[in-house]
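Shown next: input04.cif, given as mmCIF, C-alpha atoms and all ligand atoms.
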```cif
data_work
#
loop_
_atom_site.label_atom_id
_atom_site.label_comp_id
_atom_site.auth_asym_id
_atom_site.auth_seq_id
_atom_site.Cartn_x
_atom_site.Cartn_y
_atom_site.Cartn_z
CA MET A 1 104.71 79.30 86.98
CA ARG A 2 101.64 77.63 88.48
CA ALA A 3 98.26 79.18 89.22
CA LEU A 4 94.79 78.10 90.31
CA VAL A 5 92.62 78.11 87.23
CA ASN A 6 88.83 77.87 87.04
CA ARG A 7 87.69 74.44 85.85
CA GLY A 8 84.52 76.07 84.52
CA ASP A 9 82.25 73.33 85.84
CA GLY A 10 79.73 75.81 87.24
CA GLY A 11 80.92 74.95 90.75
CA LEU A 12 84.01 75.61 92.85
CA GLY A 13 86.45 73.45 90.87
CA VAL A 14 89.99 74.71 90.22
CA ASP A 15 93.11 73.12 88.77
CA LEU A 16 96.72 73.94 89.64
CA THR A 17 98.04 74.62 86.14
CA GLU A 18 101.10 76.02 84.35
CA VAL A 19 100.33 79.55 83.09
CA SER A 20 102.35 82.39 81.57
CA GLU A 21 104.34 84.80 83.74
CA PRO A 22 102.83 88.19 84.71
CA ASP A 23 103.30 91.03 82.23
CA PRO A 24 103.42 94.16 84.44
CA THR A 25 102.68 97.69 83.24
CA PRO A 26 105.30 100.33 84.20
CA ALA A 27 103.30 101.17 87.37
CA GLU A 28 103.02 97.55 88.51
CA LEU A 29 105.42 95.44 90.54
CA VAL A 30 105.60 91.66 90.55
CA VAL A 31 105.01 89.75 93.79
CA ASP A 32 106.28 86.28 94.66
CA VAL A 33 103.09 85.18 96.41
CA ALA A 34 103.34 83.37 99.74
CA GLY A 35 99.78 83.57 101.06
CA MET A 36 96.35 84.47 99.79
CA SER A 37 92.87 84.51 101.22
CA VAL A 38 89.44 83.43 100.04
CA ASN A 39 86.39 85.69 99.90
CA ARG A 40 82.76 84.59 99.65
CA GLY A 41 82.30 86.85 96.62
CA GLU A 42 85.13 85.06 94.80
CA LEU A 43 83.28 81.77 95.15
CA ARG A 44 80.34 83.29 93.32
CA LEU A 45 82.69 84.48 90.58
CA LEU A 46 84.28 81.02 90.30
CA ALA A 47 80.89 79.45 89.70
CA ALA A 48 79.91 82.10 87.15
CA ARG A 49 83.12 82.64 85.17
CA PRO A 50 84.31 80.47 82.27
CA GLU A 51 86.91 77.70 82.20
CA GLY A 52 90.43 79.12 82.28
CA TRP A 53 89.55 82.24 84.28
CA ARG A 54 92.08 82.91 87.04
CA PRO A 55 90.68 83.97 90.43
CA GLY A 56 92.37 85.59 93.45
CA GLN A 57 92.31 89.14 94.80
CA ASP A 58 94.05 89.05 98.21
CA VAL A 59 97.79 88.29 98.15
CA ALA A 60 100.81 88.71 100.38
CA GLY A 61 104.42 87.95 99.54
CA THR A 62 107.77 89.44 98.50
CA VAL A 63 108.41 91.93 95.72
CA ARG A 64 110.27 90.05 92.98
CA GLU A 65 110.48 92.96 90.50
CA ALA A 66 109.93 96.60 91.46
CA ALA A 67 107.73 98.77 89.21
CA ALA A 68 109.62 99.92 86.10
CA ASP A 69 108.58 103.56 86.65
CA GLY A 70 110.50 103.60 89.95
CA SER A 71 107.41 103.99 92.13
CA GLY A 72 106.48 101.71 95.02
CA PRO A 73 108.52 99.34 97.16
CA PRO A 74 111.81 97.80 95.99
CA ALA A 75 112.57 94.16 95.19
CA GLY A 76 112.76 92.12 98.38
CA ALA A 77 110.11 94.13 100.29
CA ARG A 78 107.40 92.15 102.10
CA VAL A 79 104.03 93.38 100.89
CA VAL A 80 100.29 92.84 100.80
CA ALA A 81 98.42 93.60 97.59
CA TRP A 82 94.92 93.82 96.19
CA VAL A 83 94.64 92.61 92.60
CA ASP A 84 91.55 92.34 90.43
CA GLN A 85 92.07 88.67 89.56
CA GLY A 86 94.78 86.05 88.96
CA GLY A 87 96.25 86.40 92.45
CA TRP A 88 96.07 82.72 93.37
CA ALA A 89 99.35 82.14 91.56
CA GLU A 90 103.04 81.83 92.28
CA ARG A 91 103.54 85.33 90.90
CA VAL A 92 101.22 88.22 90.16
CA SER A 93 101.59 91.83 89.04
CA ALA A 94 100.03 94.49 91.27
CA SER A 95 99.53 98.21 90.84
CA VAL A 96 101.78 100.10 93.29
CA ASP A 97 98.81 102.15 94.55
CA ARG A 98 97.16 98.93 95.72
CA VAL A 99 100.17 97.65 97.66
CA ALA A 100 101.36 98.21 101.24
CA VAL A 101 104.70 97.27 102.77
CA LEU A 102 104.28 94.96 105.76
CA PRO A 103 105.51 96.18 109.12
CA GLU A 104 107.77 93.79 110.99
CA GLY A 105 105.82 91.09 112.79
CA VAL A 106 102.87 91.02 110.37
CA SER A 107 102.88 87.57 108.79
CA PHE A 108 102.00 86.83 105.18
CA SER A 109 98.97 84.86 106.41
CA ALA A 110 97.64 87.73 108.52
CA ALA A 111 98.33 90.24 105.74
CA ALA A 112 96.57 88.11 103.13
CA THR A 113 93.30 88.38 105.09
CA LEU A 114 93.21 92.17 104.77
CA PRO A 115 92.56 93.41 101.24
CA ILE A 116 88.91 92.64 100.39
CA ALA A 117 87.56 91.82 103.87
CA GLY A 118 89.51 94.40 105.86
CA MET A 119 88.95 97.18 103.35
CA THR A 120 85.25 96.39 103.06
CA ALA A 121 84.85 96.59 106.84
CA LEU A 122 86.88 99.81 107.09
CA ARG A 123 85.20 101.56 104.19
CA ALA A 124 81.65 100.40 104.95
CA LEU A 125 82.05 101.75 108.49
CA ARG A 126 83.30 105.04 107.07
CA VAL A 127 80.18 105.29 104.92
CA GLY A 128 78.12 104.59 108.05
CA GLY A 129 79.59 107.66 109.71
CA GLU A 130 80.82 108.54 113.18
CA LEU A 131 81.50 105.68 115.62
CA LEU A 132 82.43 107.27 118.94
CA GLY A 133 79.69 106.55 121.47
CA ARG A 134 77.35 105.21 118.79
CA ARG A 135 75.50 101.89 118.59
CA VAL A 136 76.55 99.59 115.76
CA LEU A 137 75.00 96.30 114.61
CA VAL A 138 76.99 93.87 112.42
CA THR A 139 75.28 90.89 110.76
CA GLY A 140 77.41 88.02 109.41
CA ALA A 141 79.77 88.94 112.23
CA ALA A 142 81.49 85.54 112.30
CA GLY A 143 82.81 85.89 108.77
CA GLY A 144 85.74 87.62 107.13
CA VAL A 145 84.30 91.11 106.79
CA GLY A 146 82.16 90.75 109.91
CA ARG A 147 85.00 90.13 112.37
CA PHE A 148 87.02 93.03 111.02
CA ALA A 149 83.93 95.27 111.22
CA VAL A 150 83.26 94.32 114.84
CA GLU A 151 86.83 95.04 115.91
CA LEU A 152 87.22 98.28 113.91
CA ALA A 153 83.88 99.65 115.15
CA ALA A 154 84.66 98.77 118.77
CA ARG A 155 88.13 100.36 118.45
CA GLY A 156 86.41 103.44 117.04
CA GLY A 157 84.41 103.80 120.24
CA ALA A 158 81.12 102.19 119.24
CA SER A 159 79.04 99.79 121.29
CA VAL A 160 78.84 96.80 118.95
CA THR A 161 76.21 94.09 118.73
CA ALA A 162 77.26 91.10 116.60
CA VAL A 163 74.83 88.67 114.95
CA VAL A 164 76.09 85.11 114.42
CA ARG A 165 74.45 81.72 113.95
CA ASP A 166 75.54 79.97 117.15
CA ALA A 167 78.06 79.86 119.98
CA ILE A 168 80.75 78.26 117.79
CA ARG A 169 80.51 81.15 115.34
CA ALA A 170 80.63 83.59 118.28
CA ASP A 171 84.08 82.38 119.33
CA GLY A 172 86.42 85.31 120.00
CA LEU A 173 83.97 88.12 119.18
CA ALA A 174 83.82 89.43 122.76
CA GLN A 175 87.63 89.67 122.74
CA LEU A 176 87.41 91.72 119.54
CA GLY A 177 85.23 94.18 121.43
CA ALA A 178 81.64 93.08 120.78
CA ALA A 179 79.52 94.34 123.68
CA ARG A 180 76.78 91.82 122.81
CA VAL A 181 76.59 88.73 120.63
CA VAL A 182 73.15 87.47 119.56
CA PHE A 183 72.22 84.32 117.66
CA ASP A 184 69.36 85.92 115.75
CA ILE A 185 68.91 89.50 114.62
CA GLY A 186 65.49 89.39 116.30
CA GLU A 187 67.32 89.27 119.65
CA ALA A 188 69.25 92.49 118.97
CA GLU A 189 68.14 95.45 121.07
CA GLY A 190 67.99 98.54 118.90
CA PRO A 191 67.86 101.19 117.83
CA PHE A 192 71.25 101.26 116.13
CA ASP A 193 72.95 104.29 114.61
CA VAL A 194 74.89 102.21 112.08
CA ILE A 195 74.01 98.74 110.79
CA LEU A 196 76.34 96.75 108.53
CA GLU A 197 74.11 94.21 106.80
CA SER A 198 75.25 91.39 104.51
CA ALA A 199 73.01 88.38 105.22
CA GLY A 200 70.07 89.69 103.17
CA GLY A 201 66.47 88.47 103.11
CA SER A 202 64.73 88.57 106.50
CA SER A 203 67.94 89.90 108.08
CA LEU A 204 67.81 93.01 105.91
CA THR A 205 64.13 93.51 106.71
CA ALA A 206 64.87 93.23 110.43
CA ALA A 207 67.84 95.59 110.10
CA VAL A 208 65.66 98.36 108.68
CA ARG A 209 63.30 97.95 111.63
CA LEU A 210 66.22 98.37 114.06
CA VAL A 211 67.80 101.52 112.66
CA ALA A 212 67.66 104.75 114.67
CA PRO A 213 66.26 108.03 113.34
CA GLN A 214 69.00 109.59 111.13
CA GLY A 215 70.82 106.23 111.31
CA ALA A 216 72.23 104.19 108.42
CA VAL A 217 71.79 100.64 107.20
CA ILE A 218 74.81 99.93 105.00
CA VAL A 219 73.99 96.98 102.78
CA PHE A 220 77.13 95.36 101.40
CA GLY A 221 76.11 91.77 100.67
CA ASN A 222 73.35 89.22 100.31
CA SER A 223 74.95 86.00 101.55
CA SER A 224 71.58 84.26 101.84
CA GLY A 225 70.66 85.08 98.25
CA GLU A 226 67.16 85.90 99.48
CA ALA A 227 65.08 88.95 98.63
CA ALA A 228 64.01 91.25 101.46
CA GLU A 229 60.54 92.65 102.08
CA ILE A 230 60.75 96.32 102.98
CA SER A 231 58.10 99.02 102.90
CA PHE A 232 57.72 102.68 103.79
CA GLY A 233 55.99 101.59 107.01
CA ASP A 234 59.28 100.09 108.24
CA PHE A 235 60.70 103.62 108.43
CA VAL A 236 57.92 104.94 110.69
CA GLY A 237 59.57 106.29 113.85
CA ARG A 238 62.97 106.50 112.14
CA PRO A 239 62.84 109.69 110.05
CA GLY A 240 65.99 110.40 108.10
CA ALA A 241 67.23 106.83 108.32
CA ARG A 242 69.01 105.77 105.16
CA LEU A 243 69.51 102.47 103.37
CA GLU A 244 72.71 102.61 101.36
CA GLY A 245 74.30 100.09 99.01
CA PHE A 246 78.05 99.73 99.49
CA PHE A 247 80.55 98.50 96.90
CA VAL A 248 84.15 98.39 98.03
CA TYR A 249 85.48 99.16 94.54
CA ALA A 250 83.36 102.29 94.27
CA SER A 251 82.50 103.63 97.72
CA ALA A 252 84.32 106.03 100.04
CA GLN A 253 87.31 106.89 97.88
CA PRO A 254 89.88 108.41 98.28
CA PRO A 255 92.09 107.38 100.13
CA SER A 256 93.68 104.89 97.74
CA PHE A 257 93.51 101.17 98.39
CA GLY A 258 97.24 101.24 99.13
CA GLU A 259 96.84 103.91 101.82
CA ASP A 260 94.01 101.96 103.45
CA LEU A 261 95.99 98.72 103.23
CA GLU A 262 98.86 100.50 105.00
CA ARG A 263 96.43 101.69 107.69
CA LEU A 264 95.13 98.14 108.21
CA THR A 265 98.60 96.56 108.34
CA ASP A 266 99.64 99.21 110.90
CA PHE A 267 96.61 98.34 113.04
CA VAL A 268 97.63 94.66 112.87
CA ALA A 269 101.24 95.48 113.77
CA ARG A 270 100.06 97.45 116.81
CA GLY A 271 97.72 94.66 117.93
CA GLU A 272 94.65 96.85 117.28
CA LEU A 273 93.28 94.59 114.56
CA ASN A 274 93.46 90.82 114.95
CA PRO A 275 92.85 88.79 111.80
CA HIS A 276 91.10 85.58 112.75
CA ILE A 277 92.39 82.78 110.52
CA GLY A 278 89.83 80.01 110.88
CA MET A 279 91.46 77.81 108.26
CA GLU A 280 94.97 77.75 106.80
CA VAL A 281 95.86 75.13 104.20
CA SER A 282 98.16 74.53 101.25
CA TRP A 283 96.84 75.95 98.00
CA THR A 284 96.80 72.35 96.75
CA LYS A 285 93.80 71.97 99.11
CA ALA A 286 92.04 75.08 97.79
CA GLU A 287 88.80 73.27 96.99
CA ALA A 288 88.47 72.12 100.61
CA ALA A 289 88.86 75.73 101.72
CA PHE A 290 86.26 76.92 99.20
CA ALA A 291 83.78 74.30 100.44
CA ALA A 292 84.39 75.29 104.07
CA VAL A 293 83.77 78.98 103.32
CA ALA A 294 80.68 78.21 101.24
CA GLU A 295 79.26 76.03 104.03
CA ARG A 296 79.90 78.65 106.75
CA ARG A 297 82.43 76.45 108.55
CA VAL A 298 85.24 79.03 108.65
CA ASN A 299 85.30 81.56 111.47
CA GLY A 300 87.00 84.65 110.10
CA LYS A 301 89.18 84.02 107.06
CA ALA A 302 90.44 81.03 105.08
CA VAL A 303 94.08 81.39 104.00
CA LEU A 304 95.87 79.44 101.26
CA LEU A 305 99.64 79.05 101.44
CA ILE A 306 101.95 78.37 98.51
CA ASP A 307 104.20 75.50 99.51
N1 LIG A 401 79.87 95.04 98.56
C1 LIG A 401 81.14 94.73 98.55
O1 LIG A 401 81.97 95.45 98.01
C2 LIG A 401 81.57 93.46 99.24
C3 LIG A 401 82.90 93.24 99.56
C4 LIG A 401 83.23 92.08 100.27
C5 LIG A 401 82.24 91.18 100.61
N2 LIG A 401 80.97 91.41 100.23
C6 LIG A 401 79.88 90.50 100.63
O2 LIG A 401 79.82 90.54 102.03
C7 LIG A 401 79.39 89.29 102.54
C8 LIG A 401 80.39 88.79 103.56
O3 LIG A 401 81.59 88.45 102.89
P1 LIG A 401 82.68 87.56 103.64
O4 LIG A 401 83.78 87.36 102.69
O5 LIG A 401 82.92 88.13 104.98
O6 LIG A 401 81.86 86.18 103.77
P2 LIG A 401 81.98 85.05 104.91
O7 LIG A 401 83.33 85.08 105.51
O8 LIG A 401 81.49 83.82 104.31
O9 LIG A 401 80.95 85.57 106.00
C9 LIG A 401 79.58 85.59 105.74
C10 LIG A 401 78.87 85.51 107.05
O10 LIG A 401 77.49 85.70 106.83
C11 LIG A 401 76.76 84.88 107.73
N3 LIG A 401 75.52 84.42 107.11
C12 LIG A 401 74.28 84.69 107.58
N4 LIG A 401 73.36 84.15 106.80
C13 LIG A 401 74.03 83.51 105.82
C14 LIG A 401 73.60 82.72 104.72
N5 LIG A 401 72.31 82.48 104.49
N6 LIG A 401 74.54 82.20 103.90
C15 LIG A 401 75.84 82.42 104.14
N7 LIG A 401 76.30 83.15 105.19
C16 LIG A 401 75.40 83.69 106.01
C17 LIG A 401 77.69 83.72 108.11
O11 LIG A 401 77.73 83.60 109.52
P3 LIG A 401 76.84 82.58 110.35
O12 LIG A 401 77.15 81.23 109.81
O13 LIG A 401 77.28 82.80 111.75
O14 LIG A 401 75.43 83.02 110.10
C18 LIG A 401 79.07 84.17 107.68
O15 LIG A 401 79.90 84.36 108.79
C19 LIG A 401 79.23 88.38 101.34
O16 LIG A 401 77.87 88.38 100.94
C20 LIG A 401 80.09 89.05 100.29
O17 LIG A 401 79.69 88.74 98.98
C21 LIG A 401 80.61 92.53 99.55
#
```

Could you rewrite the structure in this file as structure tokens?
Ligand SMILES: NC(=O)c1ccc[n+]([C@@H]2O[C@H](COP(=O)([O-])OP(=O)(O)OC[C@H]3O[C@@H](n4cnc5c(N)ncnc54)[C@H](OP(=O)(O)O)[C@@H]3O)[C@@H](O)[C@H]2O)c1
Amino acid sequence: MRALVNRGDGGLGVDLTEVSEPDPTPAELVVDVAGMSVNRGELRLLAARPEGWRPGQDVAGTVREAAADGSGPPAGARVVAWVDQGGWAERVSASVDRVAVLPEGVSFSAAATLPIAGMTALRALRVGGELLGRRVLVTGAAGGVGRFAVELAARGGASVTAVVRDAIRADGLAQLGAARVVFDIGEAEGPFDVILESAGGSSLTAAVRLVAPQGAVIVFGNSSGEAAEISFGDFVGRPGARLEGFFVYASAQPPSFGEDLERLTDFVARGELNPHIGMEVSWTKAEAAFAAVAERRVNGKAVLLID
């Protein structure tokens, strides 16, 4: 079978190469992959990992072999799966507790956007706390996680302010439920009960200065790569506010990844969550998709299709 394999050039180079078939454990099924999505974090891994490493965490496709222990969906089921790596391949093994069966009407492309980005948005909001009637700020709102966070928070009853770079990046955010879209965090009118922050640097500093007393700044990324200046004085007037680091692999569990994937796919099937696919290309054009994500040219998610 073929897979995208890291060229190991310190950049975003991959080669479509013949590799060995998956070797599932008894609690893993094997998926014939149809679609997969790209996450900003995976680009960092590509640049850092050695030649021959196989990337890819978000996959959707059809079960080729059910798990040998009898658990999970049967062969032929349409599924979405979260895998640790090696998912950008014609076939991949996936643990049954990180798989959800796709409801009718949810495409492989839409499903492939959900694992990392959808789960990060869902779980980071959970860590932030209650949403009903509360004020939520989302930075990086044009991106994969950001768009899901805006829509999930708005659906949960929050008044959401979204921070994006410009009007092109703002496209569709009002329809997802954003009450306000601003082009600089300095234009956001706080205080906010929950802030999802991933731009880092001056954005993180500004976020702390916008949080309400007892509110939460959930820090889940540093897309800018910049350090933030924060001091005790920034918390004056906001007693009890917390600054919390969020890691999707480690935070807010249980439920299992599979249960949350099922929840997200159900939202999509009911039209309550609308994956925004800003770019969809053949996996033979993967490097073009990586460049577009890295250069902030993709609104929402970039999807790769196996053709
Ligand atoms: N902690 C975790 O477990 C976890 C899980 C998933 C993702 N993440 C992190 O969360 C962040 C978002 O991930 P994603 O996959 O949604 O990425 P993405 O699709 O590339 O979105 C990132 C967004 O951040 C905004 N941004 C603001 N300043 C930026 C800068 N200096 N450089 C790049 N982007 C900037 C961009 O929007 P504008 O162009 O409109 O500014 C872009 O829409 C990333 O940092 C990622 O590593 C963390």

Neighbourhood query: residues within 10 Å of (74.9, 96.0, 102.9), file coordinates, counting only C-alpha atoms; return as a PyMOL selection string.
chain A and resi 124+138-139+195-200+204+217-222+243-247

Closest atom pairs, chain A residues within 7 Å of ligand LIG 401 (chain A), only C-alpha atoms and all ligand atoms, as CSV:
```
residue,atom,partner,partner_atom,distance
A:Asn39,CA,A:LIG401,O4,4.2
A:Arg40,CA,A:LIG401,O4,4.2
A:Gly41,CA,A:LIG401,O17,4.0
A:Ile116,CA,A:LIG401,C4,5.7
A:Ala117,CA,A:LIG401,C4,5.6
A:Thr120,CA,A:LIG401,C3,5.3
A:Thr139,CA,A:LIG401,O10,6.9
A:Gly140,CA,A:LIG401,O10,3.5
A:Ala141,CA,A:LIG401,O15,5.7
A:Ala142,CA,A:LIG401,O15,4.0
A:Gly143,CA,A:LIG401,O15,3.3
A:Gly144,CA,A:LIG401,O5,3.6
A:Val145,CA,A:LIG401,O5,3.7
A:Gly146,CA,A:LIG401,O5,5.6
A:Val164,CA,A:LIG401,O13,3.7
A:Arg165,CA,A:LIG401,O13,3.7
A:Asp166,CA,A:LIG401,O13,6.3
A:Arg169,CA,A:LIG401,O13,5.1
A:Ser198,CA,A:LIG401,C7,5.0
A:Ala199,CA,A:LIG401,N4,4.5
A:Phe220,CA,A:LIG401,N1,4.0
A:Gly221,CA,A:LIG401,O16,3.8
A:Asn222,CA,A:LIG401,O16,4.6
A:Ser223,CA,A:LIG401,O16,3.8
A:Ser224,CA,A:LIG401,N5,3.3
A:Gly225,CA,A:LIG401,N5,7.0
A:Phe246,CA,A:LIG401,N1,5.1
A:Phe247,CA,A:LIG401,O1,3.5
A:Val248,CA,A:LIG401,O1,3.7
A:Tyr249,CA,A:LIG401,O1,6.2
A:Val293,CA,A:LIG401,O8,5.4
A:Ala294,CA,A:LIG401,O8,6.4
A:Arg296,CA,A:LIG401,O12,4.9
A:Asn299,CA,A:LIG401,O15,6.6
A:Gly300,CA,A:LIG401,O7,5.9
A:Lys301,CA,A:LIG401,O7,6.1
```

Please save C-alpha atoms of the selected residues as a JSON list (two decimals), in the coordinates of the input.
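Wrote again_11.json, looks like this:
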```
[["chain", "number", "residue", "atom", "x", "y", "z"],
["A", 39, "ASN", "CA", 86.39, 85.69, 99.90],
["A", 40, "ARG", "CA", 82.76, 84.59, 99.65],
["A", 41, "GLY", "CA", 82.30, 86.85, 96.62],
["A", 116, "ILE", "CA", 88.91, 92.64, 100.39],
["A", 117, "ALA", "CA", 87.56, 91.82, 103.87],
["A", 120, "THR", "CA", 85.25, 96.39, 103.06],
["A", 139, "THR", "CA", 75.28, 90.89, 110.76],
["A", 140, "GLY", "CA", 77.41, 88.02, 109.41],
["A", 141, "ALA", "CA", 79.77, 88.94, 112.23],
["A", 142, "ALA", "CA", 81.49, 85.54, 112.30],
["A", 143, "GLY", "CA", 82.81, 85.89, 108.77],
["A", 144, "GLY", "CA", 85.74, 87.62, 107.13],
["A", 145, "VAL", "CA", 84.30, 91.11, 106.79],
["A", 146, "GLY", "CA", 82.16, 90.75, 109.91],
["A", 164, "VAL", "CA", 76.09, 85.11, 114.42],
["A", 165, "ARG", "CA", 74.45, 81.72, 113.95],
["A", 166, "ASP", "CA", 75.54, 79.97, 117.15],
["A", 169, "ARG", "CA", 80.51, 81.15, 115.34],
["A", 198, "SER", "CA", 75.25, 91.39, 104.51],
["A", 199, "ALA", "CA", 73.01, 88.38, 105.22],
["A", 220, "PHE", "CA", 77.13, 95.36, 101.40],
["A", 221, "GLY", "CA", 76.11, 91.77, 100.67],
["A", 222, "ASN", "CA", 73.35, 89.22, 100.31],
["A", 223, "SER", "CA", 74.95, 86.00, 101.55],
["A", 224, "SER", "CA", 71.58, 84.26, 101.84],
["A", 225, "GLY", "CA", 70.66, 85.08, 98.25],
["A", 246, "PHE", "CA", 78.05, 99.73, 99.49],
["A", 247, "PHE", "CA", 80.55, 98.50, 96.90],
["A", 248, "VAL", "CA", 84.15, 98.39, 98.03],
["A", 249, "TYR", "CA", 85.48, 99.16, 94.54],
["A", 293, "VAL", "CA", 83.77, 78.98, 103.32],
["A", 294, "ALA", "CA", 80.68, 78.21, 101.24],
["A", 296, "ARG", "CA", 79.90, 78.65, 106.75],
["A", 299, "ASN", "CA", 85.30, 81.56, 111.47],
["A", 300, "GLY", "CA", 87.00, 84.65, 110.10],
["A", 301, "LYS", "CA", 89.18, 84.02, 107.06]]
```

A:Leu132, A:Val182, A:Val63, A:Val14: which is nearest Ala47 (chain A), counting all atoms listed in the file?
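Closest to Ala47 (chain A) of all the choices is A:Val14.
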
A:Ala212, A:Val31, A:Ile306, A:Ala250: which is nearest Trp82 (chain A), counting all atoms listed in the file?
A:Val31

Find, counting only C-alpha atoms, the residue in A:Glu272, A:Glu287, A:Glu90, A:Asp32 that gets nearest to Ala154 (chain A).
A:Glu272

Ref. answer, residues at most 8 Å from (80.2, 102.8, 115.5) with only C-alpha atoms, as a PDB file with C-alpha atoms, keeping the file's coordinate frame:
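To be explicit, this is the file written out as part_11.pdb:
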```
ATOM      1  CA  LEU A 125      82.050 101.750 108.490  1.00  0.00           C
ATOM      2  CA  GLY A 128      78.120 104.590 108.050  1.00  0.00           C
ATOM      3  CA  GLY A 129      79.590 107.660 109.710  1.00  0.00           C
ATOM      4  CA  GLU A 130      80.820 108.540 113.180  1.00  0.00           C
ATOM      5  CA  LEU A 131      81.500 105.680 115.620  1.00  0.00           C
ATOM      6  CA  LEU A 132      82.430 107.270 118.940  1.00  0.00           C
ATOM      7  CA  GLY A 133      79.690 106.550 121.470  1.00  0.00           C
ATOM      8  CA  ARG A 134      77.350 105.210 118.790  1.00  0.00           C
ATOM      9  CA  ARG A 135      75.500 101.890 118.590  1.00  0.00           C
ATOM     10  CA  VAL A 136      76.550  99.590 115.760  1.00  0.00           C
ATOM     11  CA  ALA A 153      83.880  99.650 115.150  1.00  0.00           C
ATOM     12  CA  ALA A 154      84.660  98.770 118.770  1.00  0.00           C
ATOM     13  CA  GLY A 156      86.410 103.440 117.040  1.00  0.00           C
ATOM     14  CA  GLY A 157      84.410 103.800 120.240  1.00  0.00           C
ATOM     15  CA  ALA A 158      81.120 102.190 119.240  1.00  0.00           C
ATOM     16  CA  SER A 159      79.040  99.790 121.290  1.00  0.00           C
ATOM     17  CA  VAL A 160      78.840  96.800 118.950  1.00  0.00           C
ATOM     18  CA  ASP A 193      72.950 104.290 114.610  1.00  0.00           C
ATOM     19  CA  VAL A 194      74.890 102.210 112.080  1.00  0.00           C
TER      20      VAL A 194
END
```

How many Å lie between CA of Arg2 (chain A) and CA of Gly61 (chain A), rounded to one decimal?
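Computing it gives 15.4 Å between the two atoms.
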
Counting only C-alpha atoms, which residue out of A:Thr113, A:Asn274, A:Ser95, A:Ser71 sits closest to Val59 (chain A)?
A:Thr113

From A:Glu229, A:Glu51, A:Asp184, A:Glu280, residue lying nearest Gly8 (chain A) [only C-alpha atoms]
A:Glu51

Quick one: residues within 7 Å of Val83 (chain A), only C-alpha atoms counted, chain neighbours fewer than 4 positions away excluded, as a ChimeraX atom specification?
/A:57-58,87,94
